[in-house]
$ cat protein.cif   # mmCIF, C-alpha atoms, pLDDT in the B column; chains and numbers go by the auth columns
data_protein
loop_
_atom_site.group_PDB
_atom_site.id
_atom_site.type_symbol
_atom_site.label_atom_id
_atom_site.label_comp_id
_atom_site.label_asym_id
_atom_site.label_seq_id
_atom_site.Cartn_x
_atom_site.Cartn_y
_atom_site.Cartn_z
_atom_site.B_iso_or_equiv
_atom_site.auth_seq_id
_atom_site.auth_asym_id
ATOM 1 C CA MET A 1 118.060 358.397 166.726 68.00 11 Q
ATOM 2 C CA THR A 2 119.227 355.226 168.428 83.00 12 Q
ATOM 3 C CA GLN A 3 117.760 352.040 167.006 90.00 13 Q
ATOM 4 C CA ILE A 4 117.644 348.695 168.737 93.00 14 Q
ATOM 5 C CA LEU A 5 117.693 345.633 166.531 95.00 15 Q
ATOM 6 C CA TYR A 6 116.479 342.365 167.993 97.00 16 Q
ATOM 7 C CA LEU A 7 118.138 339.574 166.039 97.00 17 Q
ATOM 8 C CA VAL A 8 115.975 336.466 166.253 98.00 18 Q
ATOM 9 C CA ARG A 9 116.980 333.109 164.865 98.00 19 Q
ATOM 10 C CA HIS A 10 114.046 331.098 163.538 98.00 20 Q
ATOM 11 C CA THR A 11 112.757 328.218 165.636 98.00 21 Q
ATOM 12 C CA ALA A 12 113.825 324.636 164.933 98.00 22 Q
ATOM 13 C CA PRO A 13 113.229 323.559 161.334 98.00 23 Q
ATOM 14 C CA ASP A 14 111.657 320.272 160.322 98.00 24 Q
ATOM 15 C CA VAL A 15 114.795 318.599 158.995 97.00 25 Q
ATOM 16 C CA ALA A 16 116.847 315.558 159.887 97.00 26 Q
ATOM 17 C CA PRO A 17 120.044 316.187 161.863 96.00 27 Q
ATOM 18 C CA GLY A 18 123.217 316.553 159.817 97.00 28 Q
ATOM 19 C CA ILE A 19 121.597 318.023 156.683 98.00 29 Q
ATOM 20 C CA CYS A 20 122.932 321.174 154.998 97.00 30 Q
ATOM 21 C CA TYR A 21 119.871 323.354 154.468 96.00 31 Q
ATOM 22 C CA GLY A 22 120.897 327.011 153.952 96.00 32 Q
ATOM 23 C CA GLN A 23 118.236 328.258 151.526 97.00 33 Q
ATOM 24 C CA LEU A 24 116.049 325.142 151.453 97.00 34 Q
ATOM 25 C CA ASP A 25 112.546 326.319 152.280 97.00 35 Q
ATOM 26 C CA LEU A 26 111.837 324.092 155.273 97.00 36 Q
ATOM 27 C CA ASP A 27 108.805 324.149 157.517 98.00 37 Q
ATOM 28 C CA VAL A 28 109.113 324.411 161.306 98.00 38 Q
ATOM 29 C CA ALA A 29 109.366 321.529 163.781 98.00 39 Q
ATOM 30 C CA ALA A 30 106.371 320.303 165.763 98.00 40 Q
ATOM 31 C CA SER A 31 107.609 322.295 168.796 98.00 41 Q
ATOM 32 C CA PHE A 32 106.880 325.587 166.995 98.00 42 Q
ATOM 33 C CA GLU A 33 104.015 326.886 169.185 98.00 43 Q
ATOM 34 C CA GLN A 34 105.937 326.387 172.410 98.00 44 Q
ATOM 35 C CA ASP A 35 109.169 327.757 170.911 98.00 45 Q
ATOM 36 C CA ALA A 36 107.410 330.804 169.439 98.00 46 Q
ATOM 37 C CA ARG A 37 105.805 331.648 172.807 98.00 47 Q
ATOM 38 C CA GLN A 38 109.246 331.489 174.425 98.00 48 Q
ATOM 39 C CA VAL A 39 110.723 333.859 171.821 98.00 49 Q
ATOM 40 C CA LEU A 40 107.790 336.233 172.306 98.00 50 Q
ATOM 41 C CA SER A 41 108.424 336.331 176.064 98.00 51 Q
ATOM 42 C CA TRP A 42 111.981 337.552 175.458 97.00 52 Q
ATOM 43 C CA LEU A 43 111.017 340.426 173.145 97.00 53 Q
ATOM 44 C CA PRO A 44 109.882 343.930 174.069 95.00 54 Q
ATOM 45 C CA PRO A 45 107.299 345.817 172.007 94.00 55 Q
ATOM 46 C CA ALA A 46 108.541 346.684 168.522 94.00 56 Q
ATOM 47 C CA GLN A 47 107.370 348.870 165.678 94.00 57 Q
ATOM 48 C CA LEU A 48 108.471 346.627 162.818 97.00 58 Q
ATOM 49 C CA ILE A 49 109.455 343.047 162.078 98.00 59 Q
ATOM 50 C CA LEU A 50 111.625 342.268 159.068 98.00 60 Q
ATOM 51 C CA THR A 51 111.885 338.620 158.066 98.00 61 Q
ATOM 52 C CA SER A 52 113.663 336.310 155.698 98.00 62 Q
ATOM 53 C CA PRO A 53 111.361 334.998 152.957 98.00 63 Q
ATOM 54 C CA LEU A 54 112.034 331.391 153.998 98.00 64 Q
ATOM 55 C CA LEU A 55 109.057 329.655 155.648 98.00 65 Q
ATOM 56 C CA ARG A 56 110.862 328.798 158.897 98.00 66 Q
ATOM 57 C CA SER A 57 111.453 332.521 159.504 98.00 67 Q
ATOM 58 C CA ARG A 58 108.180 333.813 158.048 98.00 68 Q
ATOM 59 C CA LYS A 59 106.077 331.634 160.364 98.00 69 Q
ATOM 60 C CA LEU A 60 107.805 332.955 163.461 98.00 70 Q
ATOM 61 C CA ALA A 61 107.705 336.543 162.181 98.00 71 Q
ATOM 62 C CA ALA A 62 103.967 336.320 161.431 98.00 72 Q
ATOM 63 C CA TYR A 63 103.303 334.928 164.911 98.00 73 Q
ATOM 64 C CA LEU A 64 105.344 337.708 166.556 98.00 74 Q
ATOM 65 C CA ALA A 65 103.758 340.451 164.414 98.00 75 Q
ATOM 66 C CA GLN A 66 100.273 339.257 165.308 97.00 76 Q
ATOM 67 C CA GLU A 67 101.058 339.002 169.022 97.00 77 Q
ATOM 68 C CA ARG A 68 102.891 342.355 169.113 95.00 78 Q
ATOM 69 C CA ASN A 69 100.458 344.059 166.728 95.00 79 Q
ATOM 70 C CA CYS A 70 103.221 345.573 164.631 95.00 80 Q
ATOM 71 C CA GLY A 71 104.192 345.860 160.978 96.00 81 Q
ATOM 72 C CA LEU A 72 105.731 342.946 159.109 98.00 82 Q
ATOM 73 C CA ARG A 73 107.885 343.027 155.966 98.00 83 Q
ATOM 74 C CA THR A 74 109.780 340.345 154.090 98.00 84 Q
ATOM 75 C CA ASP A 75 113.311 341.215 152.992 98.00 85 Q
ATOM 76 C CA ALA A 76 115.297 338.911 150.699 98.00 86 Q
ATOM 77 C CA LEU A 77 118.544 340.303 152.141 98.00 87 Q
ATOM 78 C CA LEU A 78 117.749 338.341 155.328 98.00 88 Q
ATOM 79 C CA ILE A 79 117.789 334.948 153.578 98.00 89 Q
ATOM 80 C CA GLU A 80 120.329 332.377 154.777 98.00 90 Q
ATOM 81 C CA LYS A 81 123.622 331.730 152.967 97.00 91 Q
ATOM 82 C CA ASN A 82 123.206 329.841 149.722 98.00 92 Q
ATOM 83 C CA PHE A 83 125.060 326.527 149.962 98.00 93 Q
ATOM 84 C CA GLY A 84 124.402 325.731 146.288 98.00 94 Q
ATOM 85 C CA ALA A 85 124.979 322.063 145.398 98.00 95 Q
ATOM 86 C CA TRP A 86 125.353 321.203 149.094 98.00 96 Q
ATOM 87 C CA GLU A 87 121.723 322.125 149.886 98.00 97 Q
ATOM 88 C CA GLY A 88 119.749 319.117 151.111 97.00 98 Q
ATOM 89 C CA LYS A 89 122.807 316.860 151.359 98.00 99 Q
ATOM 90 C CA ALA A 90 124.087 315.290 154.540 98.00 100 Q
ATOM 91 C CA TRP A 91 127.210 317.138 155.646 97.00 101 Q
ATOM 92 C CA ASP A 92 129.130 313.850 155.700 97.00 102 Q
ATOM 93 C CA ALA A 93 128.097 313.165 152.070 97.00 103 Q
ATOM 94 C CA ILE A 94 129.751 316.350 150.774 98.00 104 Q
ATOM 95 C CA GLU A 95 133.125 315.710 149.176 97.00 105 Q
ATOM 96 C CA ARG A 96 135.868 316.042 151.784 97.00 106 Q
ATOM 97 C CA SER A 97 138.002 318.141 149.392 97.00 107 Q
ATOM 98 C CA GLN A 98 135.188 320.723 149.164 97.00 108 Q
ATOM 99 C CA ILE A 99 134.759 320.876 152.942 96.00 109 Q
ATOM 100 C CA ASP A 100 138.544 321.257 153.321 97.00 110 Q
ATOM 101 C CA ALA A 101 138.610 324.060 150.721 97.00 111 Q
ATOM 102 C CA TRP A 102 135.836 325.837 152.630 95.00 112 Q
ATOM 103 C CA ALA A 103 137.649 325.408 155.964 92.00 113 Q
ATOM 104 C CA ALA A 104 140.842 326.800 154.414 94.00 114 Q
ATOM 105 C CA ASP A 105 139.072 329.933 153.123 94.00 115 Q
ATOM 106 C CA VAL A 106 135.881 330.459 155.136 90.00 116 Q
ATOM 107 C CA LEU A 107 135.411 334.017 153.900 91.00 117 Q
ATOM 108 C CA ASP A 108 135.854 333.560 150.148 95.00 118 Q
ATOM 109 C CA TYR A 109 135.108 329.919 149.337 97.00 119 Q
ATOM 110 C CA ALA A 110 131.683 329.365 147.787 97.00 120 Q
ATOM 111 C CA PRO A 111 130.175 325.885 147.517 97.00 121 Q
ATOM 112 C CA PRO A 112 129.449 324.967 143.875 97.00 122 Q
ATOM 113 C CA GLY A 113 126.525 327.158 142.765 98.00 123 Q
ATOM 114 C CA GLY A 114 126.382 328.873 146.181 98.00 124 Q
ATOM 115 C CA GLU A 115 127.658 332.044 147.776 97.00 125 Q
ATOM 116 C CA SER A 116 130.711 332.833 149.859 97.00 126 Q
ATOM 117 C CA ALA A 117 130.629 334.280 153.355 94.00 127 Q
ATOM 118 C CA ARG A 118 132.014 337.524 151.894 94.00 128 Q
ATOM 119 C CA GLN A 119 129.005 337.706 149.545 97.00 129 Q
ATOM 120 C CA LEU A 120 126.714 337.115 152.530 96.00 130 Q
ATOM 121 C CA MET A 121 128.509 339.888 154.461 93.00 131 Q
ATOM 122 C CA LEU A 122 128.049 342.341 151.562 95.00 132 Q
ATOM 123 C CA ARG A 123 124.350 341.477 151.395 96.00 133 Q
ATOM 124 C CA VAL A 124 123.962 342.018 155.143 95.00 134 Q
ATOM 125 C CA GLU A 125 125.891 345.297 154.946 94.00 135 Q
ATOM 126 C CA THR A 126 123.367 346.496 152.349 96.00 136 Q
ATOM 127 C CA LEU A 127 120.566 345.440 154.700 96.00 137 Q
ATOM 128 C CA LEU A 128 122.059 347.427 157.596 92.00 138 Q
ATOM 129 C CA GLY A 129 122.319 350.523 155.410 91.00 139 Q
ATOM 130 C CA GLY A 130 118.626 350.281 154.601 94.00 140 Q
ATOM 131 C CA ILE A 131 117.622 349.675 158.218 93.00 141 Q
ATOM 132 C CA SER A 132 119.554 352.714 159.395 88.00 142 Q
ATOM 133 C CA ARG A 133 117.252 354.892 157.256 91.00 143 Q
ATOM 134 C CA LEU A 134 114.044 353.455 158.721 91.00 144 Q
ATOM 135 C CA PRO A 135 112.104 355.655 161.160 92.00 145 Q
ATOM 136 C CA GLN A 136 111.284 352.793 163.547 91.00 146 Q
ATOM 137 C CA ARG A 137 113.280 352.612 166.794 90.00 147 Q
ATOM 138 C CA ASN A 138 112.741 348.969 167.857 94.00 148 Q
ATOM 139 C CA ILE A 139 113.017 346.518 164.974 97.00 149 Q
ATOM 140 C CA ILE A 140 112.925 342.717 165.122 98.00 150 Q
ATOM 141 C CA LEU A 141 114.825 340.798 162.452 98.00 151 Q
ATOM 142 C CA VAL A 142 113.712 337.167 162.124 98.00 152 Q
ATOM 143 C CA THR A 143 116.423 335.392 160.209 98.00 153 Q
ATOM 144 C CA HIS A 144 119.065 332.655 160.185 98.00 154 Q
ATOM 145 C CA GLY A 145 122.280 331.753 161.967 96.00 155 Q
ATOM 146 C CA GLY A 146 124.571 332.828 159.121 94.00 156 Q
ATOM 147 C CA VAL A 147 122.876 336.200 158.732 96.00 157 Q
ATOM 148 C CA ILE A 148 122.957 336.825 162.500 96.00 158 Q
ATOM 149 C CA ARG A 149 126.670 336.012 162.620 93.00 159 Q
ATOM 150 C CA ALA A 150 127.270 338.422 159.721 93.00 160 Q
ATOM 151 C CA LEU A 151 125.205 341.135 161.475 92.00 161 Q
ATOM 152 C CA LEU A 152 127.168 340.650 164.698 90.00 162 Q
ATOM 153 C CA ALA A 153 130.490 340.715 162.870 89.00 163 Q
ATOM 154 C CA LEU A 154 129.572 343.930 161.049 87.00 164 Q
ATOM 155 C CA SER A 155 128.029 345.680 164.050 81.00 165 Q
ATOM 156 C CA GLY A 156 130.880 344.681 166.369 77.00 166 Q
ATOM 157 C CA LYS A 157 133.643 345.172 163.807 76.00 167 Q
ATOM 158 C CA LEU A 158 134.656 341.537 164.284 74.00 168 Q
ATOM 159 C CA ALA A 159 136.005 338.958 161.902 71.00 169 Q
ATOM 160 C CA LEU A 160 133.215 336.665 160.740 72.00 170 Q
ATOM 161 C CA SER A 161 135.386 333.704 161.771 70.00 171 Q
ATOM 162 C CA ASP A 162 135.211 334.950 165.387 70.00 172 Q
ATOM 163 C CA THR A 163 131.422 334.659 165.352 72.00 173 Q
ATOM 164 C CA LEU A 164 131.548 331.044 164.123 71.00 174 Q
ATOM 165 C CA LYS A 165 132.637 330.022 167.630 75.00 175 Q
ATOM 166 C CA TRP A 166 129.349 331.247 169.132 80.00 176 Q
ATOM 167 C CA GLU A 167 126.432 328.869 169.399 85.00 177 Q
ATOM 168 C CA LEU A 168 123.158 330.382 168.236 92.00 178 Q
ATOM 169 C CA ASP A 169 120.283 328.261 169.426 96.00 179 Q
ATOM 170 C CA TYR A 170 117.054 328.117 167.459 97.00 180 Q
ATOM 171 C CA GLY A 171 114.850 330.905 168.771 97.00 181 Q
ATOM 172 C CA ALA A 172 117.830 332.862 170.156 97.00 182 Q
ATOM 173 C CA VAL A 173 117.274 336.601 170.675 97.00 183 Q
ATOM 174 C CA ILE A 174 120.161 339.083 170.632 95.00 184 Q
ATOM 175 C CA ALA A 175 119.721 342.840 171.079 94.00 185 Q
ATOM 176 C CA VAL A 176 122.059 345.222 169.259 92.00 186 Q
ATOM 177 C CA ARG A 177 121.931 348.978 169.874 88.00 187 Q
ATOM 178 C CA CYS A 178 122.747 351.040 166.796 78.00 188 Q
ATOM 179 C CA VAL A 179 123.999 354.458 167.859 68.00 189 Q
ATOM 180 C CA PRO A 180 124.354 356.983 165.023 64.00 190 Q
ATOM 181 C CA ASP A 181 127.656 358.757 164.485 60.00 191 Q
ATOM 182 C CA ALA A 182 127.868 362.041 166.360 45.00 192 Q
#
$ encode --input "protein.cif" --output "structure tokens"
Amino acid sequence: MTQILYLVRHTAPDVAPGICYGQLDLDVAASFEQDARQVLSWLPPAQLILTSPLLRSRKLAAYLAQERNCGLRTDALLIEKNFGAWEGKAWDAIERSQIDAWAADVLDYAPPGGESARQLMLRVETLLGGISRLPQRNIILVTHGGVIRALLALSGKLALSDTLKWELDYGAVIAVRCVPDA
């Protein structure tokens, strides 16, 4: 059975520009209703919505599930990358040596108390394995930029660093067709 995954980035969070907020549980911006209606207009009917447990994703997922009248489940594997000690700090307040270490080893460097991109990729790979066993054909995943980049890298057999060049707007929708091996 061919599955289609609709990868949806949450709408704009209520956070000041320039703040690192990976797993911070932020609410949505005041533009949520308008943004959510736009996302809804881009999505076809679906049988299931899986969402990150973070509020900014859950709110959009609940709205979409209600409007599409489909099942909704929270999955911790869809949570954004953990930036550890960097969470809630302004990017320009993080020690330059730590940012440089991250830039030098994007895949394996983990911020203090956080997770590396490789750890995120392994988590997302586990998620994909579970999704492939679901009976639903059209599934919406409401999640975060880092998770979407990891999903695209894994599904397209790309290097994660290649996906970092792509802008993923808040509320972006990307369809990925998962064709089983013959």
$ residues_around --input "protein.cif" --residues "Leu82 in chain Q" --least-positions-apart "3" --cutoff "12 Å" --atoms "only C-alpha atoms" --output "JSON, numbers by chain"
{"Q": [56, 57, 58, 59, 60, 61, 62, 63, 67, 68, 69, 70, 71, 72, 73, 74, 75, 76, 77, 78, 79, 85, 149, 150, 151, 152]}
$ write_last_selection --input "protein.cif" --atoms "C-alpha atoms" --output "PDB file, in the coordinates of the input"
ATOM      1  CA  ALA Q  56     108.541 346.684 168.522  1.00 94.00           C
ATOM      2  CA  GLN Q  57     107.370 348.870 165.678  1.00 94.00           C
ATOM      3  CA  LEU Q  58     108.471 346.627 162.818  1.00 97.00           C
ATOM      4  CA  ILE Q  59     109.455 343.047 162.078  1.00 98.00           C
ATOM      5  CA  LEU Q  60     111.625 342.268 159.068  1.00 98.00           C
ATOM      6  CA  THR Q  61     111.885 338.620 158.066  1.00 98.00           C
ATOM      7  CA  SER Q  62     113.663 336.310 155.698  1.00 98.00           C
ATOM      8  CA  PRO Q  63     111.361 334.998 152.957  1.00 98.00           C
ATOM      9  CA  SER Q  67     111.453 332.521 159.504  1.00 98.00           C
ATOM     10  CA  ARG Q  68     108.180 333.813 158.048  1.00 98.00           C
ATOM     11  CA  LYS Q  69     106.077 331.634 160.364  1.00 98.00           C
ATOM     12  CA  LEU Q  70     107.805 332.955 163.461  1.00 98.00           C
ATOM     13  CA  ALA Q  71     107.705 336.543 162.181  1.00 98.00           C
ATOM     14  CA  ALA Q  72     103.967 336.320 161.431  1.00 98.00           C
ATOM     15  CA  TYR Q  73     103.303 334.928 164.911  1.00 98.00           C
ATOM     16  CA  LEU Q  74     105.344 337.708 166.556  1.00 98.00           C
ATOM     17  CA  ALA Q  75     103.758 340.451 164.414  1.00 98.00           C
ATOM     18  CA  GLN Q  76     100.273 339.257 165.308  1.00 97.00           C
ATOM     19  CA  GLU Q  77     101.058 339.002 169.022  1.00 97.00           C
ATOM     20  CA  ARG Q  78     102.891 342.355 169.113  1.00 95.00           C
ATOM     21  CA  ASN Q  79     100.458 344.059 166.728  1.00 95.00           C
ATOM     22  CA  ASP Q  85     113.311 341.215 152.992  1.00 98.00           C
ATOM     23  CA  ILE Q 149     113.017 346.518 164.974  1.00 97.00           C
ATOM     24  CA  ILE Q 150     112.925 342.717 165.122  1.00 98.00           C
ATOM     25  CA  LEU Q 151     114.825 340.798 162.452  1.00 98.00           C
ATOM     26  CA  VAL Q 152     113.712 337.167 162.124  1.00 98.00           C
TER      27      VAL Q 152
END
$ closest_residue --input "protein.cif" --among "Q:His154, Q:Arg106, Q:Arg133, Q:Arg66" --to "Leu87 in chain Q" --atoms "only C-alpha atoms"
Q:Arg133
$ closest_residue --input "protein.cif" --among "Q:Glu90, Q:Asp115, Q:Asp35, Q:Glu43" --to "Val134 in chain Q" --atoms "all atoms listed in the file"
Q:Glu90
$ residues_around --input "protein.cif" --residues "range 180-185 of chain Q" --least-positions-apart "2" --cutoff "6 Å" --atoms "only C-alpha atoms" --output "PDB file with C-alpha atoms, in the coordinates of the input"
ATOM      1  CA  LEU Q  15     117.693 345.633 166.531  1.00 95.00           C
ATOM      2  CA  TYR Q  16     116.479 342.365 167.993  1.00 97.00           C
ATOM      3  CA  LEU Q  17     118.138 339.574 166.039  1.00 97.00           C
ATOM      4  CA  VAL Q  18     115.975 336.466 166.253  1.00 98.00           C
ATOM      5  CA  ARG Q  19     116.980 333.109 164.865  1.00 98.00           C
ATOM      6  CA  HIS Q  20     114.046 331.098 163.538  1.00 98.00           C
ATOM      7  CA  THR Q  21     112.757 328.218 165.636  1.00 98.00           C
ATOM      8  CA  ALA Q  22     113.825 324.636 164.933  1.00 98.00           C
ATOM      9  CA  VAL Q  49     110.723 333.859 171.821  1.00 98.00           C
TER      10      VAL Q  49
END
$ residues_around --input "protein.cif" --residues "Ile29 in chain Q" --least-positions-apart "6" --cutoff "8 Å" --atoms "only C-alpha atoms" --output "PyMOL selection string"
chain Q and resi 97-101
$ closest_residue --input "protein.cif" --among "Q:Leu178, Q:Cys30, Q:Cys80, Q:Ala169" --to "Gly94 in chain Q" --atoms "all atoms listed in the file"
Q:Cys30
$ resolve_selection --input "protein.cif" --expression "the PyMOL selection byres ((chain Q and resi 13) around 10)" --output "compact mmCIF listing (two decimals) with C-alpha atoms, in the frame of the given file"
# COMPACT_ATOMS: atom_id res chain seq x y z
CA MET Q 11 118.06 358.40 166.73
CA THR Q 12 119.23 355.23 168.43
CA ILE Q 14 117.64 348.70 168.74
CA LEU Q 15 117.69 345.63 166.53
CA TYR Q 16 116.48 342.36 167.99
CA ILE Q 141 117.62 349.68 158.22
CA SER Q 142 119.55 352.71 159.40
CA LEU Q 144 114.04 353.46 158.72
CA PRO Q 145 112.10 355.66 161.16
CA GLN Q 146 111.28 352.79 163.55
CA ARG Q 147 113.28 352.61 166.79
CA ASN Q 148 112.74 348.97 167.86
CA ILE Q 149 113.02 346.52 164.97
CA VAL Q 186 122.06 345.22 169.26
CA ARG Q 187 121.93 348.98 169.87
CA CYS Q 188 122.75 351.04 166.80
CA VAL Q 189 124.00 354.46 167.86
CA PRO Q 190 124.35 356.98 165.02
$ closest_residue --input "protein.cif" --among "Q:Gln129, Q:Leu88, Q:Gly124, Q:Ala114" --to "Ile158 in chain Q" --atoms "all atoms listed in the file"
Q:Leu88
$ residues_near_point --input "protein.cif" --point "(127.1, 334.5, 148.7)" --cutoff "12 Å" --atoms "all atoms listed in the file" --output "PyMOL selection string"
chain Q and resi 32-33+87+89-94+116-134+156-157+160
$ atom_distance --input "protein.cif" --atom1 "CA of Trp96 in chain Q" --atom2 "CA of Gln108 in chain Q"
9.8 Å
$ decode --input "protein.cif" --residues "range 129-157 of chain Q" --atoms "N, CA and C atoms" --output "tab-separated table (two decimals), in the first residue's frame"
chain	number	residue	atom	x	y	z
Q	129	GLN	N	21.13	12.01	16.57
Q	129	GLN	CA	20.14	11.46	17.50
Q	129	GLN	C	18.72	11.78	17.01
Q	130	LEU	N	18.52	12.98	16.51
Q	130	LEU	CA	17.22	13.36	15.95
Q	130	LEU	C	16.90	12.45	14.76
Q	131	MET	N	17.86	12.22	13.88
Q	131	MET	CA	17.65	11.37	12.70
Q	131	MET	C	17.26	9.95	13.12
Q	132	LEU	N	17.91	9.42	14.14
Q	132	LEU	CA	17.58	8.06	14.61
Q	132	LEU	C	16.16	8.02	15.17
Q	133	ARG	N	15.77	9.05	15.88
Q	133	ARG	CA	14.42	9.14	16.42
Q	133	ARG	C	13.40	9.19	15.29
Q	134	VAL	N	13.68	9.97	14.26
Q	134	VAL	CA	12.76	10.10	13.13
Q	134	VAL	C	12.72	8.80	12.31
Q	135	GLU	N	13.84	8.12	12.22
Q	135	GLU	CA	13.86	6.83	11.53
Q	135	GLU	C	12.97	5.82	12.24
Q	136	THR	N	12.98	5.84	13.56
Q	136	THR	CA	12.08	4.98	14.34
Q	136	THR	C	10.63	5.34	14.06
Q	137	LEU	N	10.35	6.63	14.00
Q	137	LEU	CA	9.00	7.11	13.68
Q	137	LEU	C	8.54	6.58	12.33
Q	138	LEU	N	9.38	6.70	11.31
Q	138	LEU	CA	9.02	6.24	9.97
Q	138	LEU	C	8.73	4.74	9.95
Q	139	GLY	N	9.50	3.97	10.70
Q	139	GLY	CA	9.25	2.54	10.78
Q	139	GLY	C	7.87	2.24	11.34
Q	140	GLY	N	7.48	2.99	12.36
Q	140	GLY	CA	6.15	2.80	12.94
Q	140	GLY	C	5.04	3.24	12.01
Q	141	ILE	N	5.24	4.33	11.30
Q	141	ILE	CA	4.23	4.83	10.37
Q	141	ILE	C	4.01	3.85	9.23
Q	142	SER	N	5.08	3.23	8.78
Q	142	SER	CA	4.96	2.30	7.64
Q	142	SER	C	4.06	1.10	7.97
Q	143	ARG	N	3.87	0.83	9.26
Q	143	ARG	CA	3.01	-0.30	9.67
Q	143	ARG	C	1.57	0.12	9.94
Q	144	LEU	N	1.28	1.41	9.82
Q	144	LEU	CA	-0.08	1.89	10.05
Q	144	LEU	C	-0.97	1.57	8.84
Q	145	PRO	N	-2.24	1.30	9.07
Q	145	PRO	CA	-3.13	0.97	7.95
Q	145	PRO	C	-3.62	2.21	7.18
Q	146	GLN	N	-3.49	3.39	7.75
Q	146	GLN	CA	-3.99	4.59	7.10
Q	146	GLN	C	-3.14	4.95	5.87
Q	147	ARG	N	-3.81	5.44	4.84
Q	147	ARG	CA	-3.13	5.80	3.58
Q	147	ARG	C	-2.65	7.25	3.60
Q	148	ASN	N	-3.50	8.19	3.99
Q	148	ASN	CA	-3.14	9.61	4.03
Q	148	ASN	C	-2.97	10.03	5.49
Q	149	ILE	N	-1.75	10.40	5.84
Q	149	ILE	CA	-1.43	10.74	7.22
Q	149	ILE	C	-0.78	12.12	7.26
Q	150	ILE	N	-1.27	12.97	8.15
Q	150	ILE	CA	-0.71	14.30	8.35
Q	150	ILE	C	0.18	14.27	9.59
Q	151	LEU	N	1.40	14.76	9.45
Q	151	LEU	CA	2.32	14.87	10.58
Q	151	LEU	C	2.49	16.36	10.88
Q	152	VAL	N	2.04	16.80	12.04
Q	152	VAL	CA	2.21	18.20	12.44
Q	152	VAL	C	3.40	18.24	13.39
Q	153	THR	N	4.45	18.92	12.95
Q	153	THR	CA	5.71	18.84	13.67
Q	153	THR	C	6.53	20.11	13.48
Q	154	HIS	N	7.83	19.98	13.50
Q	154	HIS	CA	8.77	21.10	13.58
Q	154	HIS	C	9.77	21.06	12.43
Q	155	GLY	N	10.43	22.19	12.21
Q	155	GLY	CA	11.38	22.30	11.11
Q	155	GLY	C	12.48	21.24	11.14
Q	156	GLY	N	13.07	21.00	12.30
Q	156	GLY	CA	14.14	20.01	12.39
Q	156	GLY	C	13.67	18.61	12.06
Q	157	VAL	N	12.51	18.26	12.55
Q	157	VAL	CA	11.94	16.92	12.28
Q	157	VAL	C	11.61	16.78	10.80
